[in-house]
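What follows is one structure encoded as structure tokens, with my remarks underneath.
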Amino acid sequence: GQEVNATQTGCQFCLPSFFSIEDGNCQKCPINEMTTFAGACVCDTCGPGTQVNATQSGCELCSPGFFSNDEGRCQLCPASEYSTLPGATSCEDCNCGQEANETSTGCALCQPSFFSTHGSQCQKCPAIEMSTTAGACECDFCGPGSEVNATQTGCQPCRAGAFSPDDGLCQECPLAEFSTLDGATHCDQCQCGSEVNATQTGCQLCEPSFFSTG
């Protein structure tokens with residue numbers, strides 16, 4: 001804990017953050033170790049939830065968003081985990097419908113059209129699925145006669161001339177079939193003497209000299 005002074009007329013204590021063994025010179029503590037007082041013979045480590053300060057003269061608590069579970073440096077919480085208080089020894093998972101915020105100090109709700117399971121990051125709903133509100137744990141399908149809108153935040157009815165028989169996307173009516181209203185779950189055929197119009201939204205009569213069997 002001492003070394004010879006500059007004039008070699010006596011001994012002086014090693015300063016905080018330094019140490020010496022018997023008959024040696026004072027030397028800086030190793031990385032991640034410290035001394036809090038003058039005259040140290042050995043350096044100490046900081047415990048979980050803390051780290052050595054910048055001057056290696058003491059310990060400081062890990063900041064929110066960080067943790068330390070051993071005697072090393074504080075480290076940022078893993079993706080999708082957080083710590084809210086100083087001195088954390090571990091980080092916590094966010095519930096479903098949430099993810100860790102940008103500073104890893106808490107949780108934020110997933111936005112509409114996104115979802116998350118417990119302990120995961122928010123992710124976009126799969127194609128043909130949607131979520132209407134913030135904080136979704138799962139995404140939903142749209143029912144027959146509708147499809148997911150462009151932003152995946154809700155459903156929209158199939159337009160006239162199209163249909164959807166299940167949870168998928170709207171599709172054009174087959175050739176020679178039609179749907180007259182929005183939200184059709186199936187398409188219809190025209191009766192004899194008529195045919196589907198150009199937009200497949202209804203029927204038109206056959207012209208003179210033409211016929212149809214329906």
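Residues in the structure tokens are numbered from 1 in each chain, the chains being A, B, ... in the order shown, and ligands are numbered from 1 in the order shown.
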
Strand (DSSP E or B) per DSSP on the backbone: members of stretch 84-196 of chain A, as a PyMOL selection string: chain A and resi 92-93+98-100+107-109+114-115+123-124+129-130+140-141+146-148+155-157+162-163+171-172+177-178+188-189+194-196

Would you put the residues from that selection into a file with N, CA and C atoms, as a CSV table (one decimal), in the first residue's frame?
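To be explicit, this is the file written out as again-v3.csv:
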```csv
chain,number,residue,atom,x,y,z
A,92,GLU,N,-35.8,-7.6,-17.4
A,92,GLU,CA,-37.1,-8.2,-17.4
A,92,GLU,C,-37.6,-8.2,-18.8
A,93,ASP,N,-38.5,-9.2,-19.1
A,93,ASP,CA,-39.2,-9.3,-20.4
A,93,ASP,C,-40.5,-8.4,-20.3
A,98,GLN,N,-46.3,-5.8,-26.2
A,98,GLN,CA,-45.3,-4.7,-25.9
A,98,GLN,C,-43.9,-5.1,-26.3
A,99,GLU,N,-43.0,-4.1,-26.3
A,99,GLU,CA,-41.6,-4.3,-26.5
A,99,GLU,C,-40.9,-3.3,-25.7
A,100,ALA,N,-39.6,-3.6,-25.4
A,100,ALA,CA,-38.8,-2.6,-24.7
A,100,ALA,C,-38.7,-1.3,-25.5
A,107,CYS,N,-41.4,-0.6,-21.1
A,107,CYS,CA,-42.1,-1.2,-22.2
A,107,CYS,C,-43.0,-0.2,-22.9
A,108,ALA,N,-43.1,-0.4,-24.2
A,108,ALA,CA,-44.0,0.4,-25.1
A,108,ALA,C,-44.9,-0.5,-25.8
A,109,LEU,N,-46.2,-0.1,-26.0
A,109,LEU,CA,-47.1,-0.9,-26.8
A,109,LEU,C,-46.8,-1.0,-28.2
A,114,PHE,N,-49.1,-4.2,-35.8
A,114,PHE,CA,-48.0,-5.0,-35.3
A,114,PHE,C,-48.5,-5.8,-34.1
A,115,PHE,N,-47.7,-6.8,-33.7
A,115,PHE,CA,-48.0,-7.6,-32.5
A,115,PHE,C,-46.7,-8.1,-31.9
A,123,GLN,N,-43.5,-7.0,-34.2
A,123,GLN,CA,-43.3,-7.3,-35.6
A,123,GLN,C,-44.6,-7.1,-36.4
A,124,LYS,N,-44.4,-6.9,-37.6
A,124,LYS,CA,-45.5,-6.6,-38.5
A,124,LYS,C,-46.4,-7.9,-38.6
A,129,GLU,N,-53.3,-10.6,-42.5
A,129,GLU,CA,-53.8,-10.4,-41.1
A,129,GLU,C,-53.6,-9.0,-40.7
A,130,MET,N,-54.3,-8.6,-39.6
A,130,MET,CA,-54.3,-7.2,-39.2
A,130,MET,C,-54.4,-7.1,-37.6
A,140,ASP,N,-55.3,-10.7,-36.4
A,140,ASP,CA,-56.6,-11.4,-36.7
A,140,ASP,C,-56.8,-11.4,-38.2
A,141,PHE,N,-57.6,-12.4,-38.7
A,141,PHE,CA,-58.0,-12.5,-40.1
A,141,PHE,C,-59.3,-11.6,-40.3
A,146,SER,N,-64.5,-9.8,-47.1
A,146,SER,CA,-63.7,-8.7,-46.8
A,146,SER,C,-62.2,-9.1,-46.9
A,147,GLU,N,-61.3,-8.1,-46.7
A,147,GLU,CA,-59.9,-8.4,-46.8
A,147,GLU,C,-59.2,-7.3,-45.9
A,148,VAL,N,-57.9,-7.6,-45.6
A,148,VAL,CA,-57.1,-6.6,-44.8
A,148,VAL,C,-56.9,-5.3,-45.7
A,155,CYS,N,-60.2,-4.1,-41.6
A,155,CYS,CA,-60.8,-4.8,-42.7
A,155,CYS,C,-61.6,-3.9,-43.7
A,156,GLN,N,-61.6,-4.2,-44.9
A,156,GLN,CA,-62.5,-3.5,-45.9
A,156,GLN,C,-63.3,-4.5,-46.7
A,157,PRO,N,-64.5,-4.2,-47.1
A,157,PRO,CA,-65.3,-5.1,-47.8
A,157,PRO,C,-64.8,-5.3,-49.2
A,162,ALA,N,-66.1,-8.4,-57.1
A,162,ALA,CA,-65.1,-9.3,-56.5
A,162,ALA,C,-65.8,-10.0,-55.3
A,163,PHE,N,-65.1,-11.0,-54.7
A,163,PHE,CA,-65.6,-11.8,-53.6
A,163,PHE,C,-64.5,-12.4,-52.8
A,171,GLN,N,-61.0,-11.5,-54.5
A,171,GLN,CA,-60.5,-11.9,-55.8
A,171,GLN,C,-61.6,-11.6,-56.8
A,172,GLU,N,-61.2,-11.4,-58.0
A,172,GLU,CA,-62.2,-11.1,-59.1
A,172,GLU,C,-63.2,-12.3,-59.3
A,177,GLU,N,-69.4,-14.6,-64.2
A,177,GLU,CA,-70.1,-14.5,-62.9
A,177,GLU,C,-70.0,-13.0,-62.4
A,178,PHE,N,-70.8,-12.6,-61.5
A,178,PHE,CA,-70.8,-11.2,-61.0
A,178,PHE,C,-71.2,-11.1,-59.5
A,188,ASP,N,-72.5,-14.7,-58.5
A,188,ASP,CA,-73.7,-15.3,-59.1
A,188,ASP,C,-73.5,-15.4,-60.6
A,189,GLN,N,-74.4,-16.2,-61.2
A,189,GLN,CA,-74.4,-16.3,-62.7
A,189,GLN,C,-75.7,-15.6,-63.2
A,194,SER,N,-79.1,-13.3,-70.9
A,194,SER,CA,-78.3,-12.2,-70.4
A,194,SER,C,-76.9,-12.6,-70.2
A,195,GLU,N,-76.0,-11.7,-70.0
A,195,GLU,CA,-74.6,-12.0,-69.8
A,195,GLU,C,-74.0,-11.0,-68.8
A,196,VAL,N,-72.9,-11.3,-68.2
A,196,VAL,CA,-72.2,-10.4,-67.2
A,196,VAL,C,-71.7,-9.2,-67.9
```

Against stretch 63-72 of chain A, which residues of stretch 82-187 of chain A fall within 12 Å? For each one I want the closest pair of atoms and the distance in Å (one decimal), counting only C-alpha atoms, rows by chain and increasing residue number, as a tab-separated table.
```
residue	atom	partner	partner_atom	distance
A:Tyr82	CA	A:Gly65	CA	5.6
A:Ser83	CA	A:Gly65	CA	4.8
A:Thr84	CA	A:Pro64	CA	5.1
A:Leu85	CA	A:Pro64	CA	5.0
A:Pro86	CA	A:Ser63	CA	4.8
A:Gly87	CA	A:Ser63	CA	6.6
A:Ala88	CA	A:Phe67	CA	4.8
A:Thr89	CA	A:Asn69	CA	4.7
A:Ser90	CA	A:Phe67	CA	5.5
A:Cys91	CA	A:Phe67	CA	6.6
A:Glu92	CA	A:Gly65	CA	10.1
A:Ala100	CA	A:Gly65	CA	9.5
A:Asn101	CA	A:Gly65	CA	9.5
A:Glu102	CA	A:Gly65	CA	9.4
A:Thr103	CA	A:Gly65	CA	6.1
A:Ser104	CA	A:Gly65	CA	4.5
A:Thr105	CA	A:Gly65	CA	4.5
A:Gly106	CA	A:Gly65	CA	7.9
A:Cys107	CA	A:Gly65	CA	11.0
```
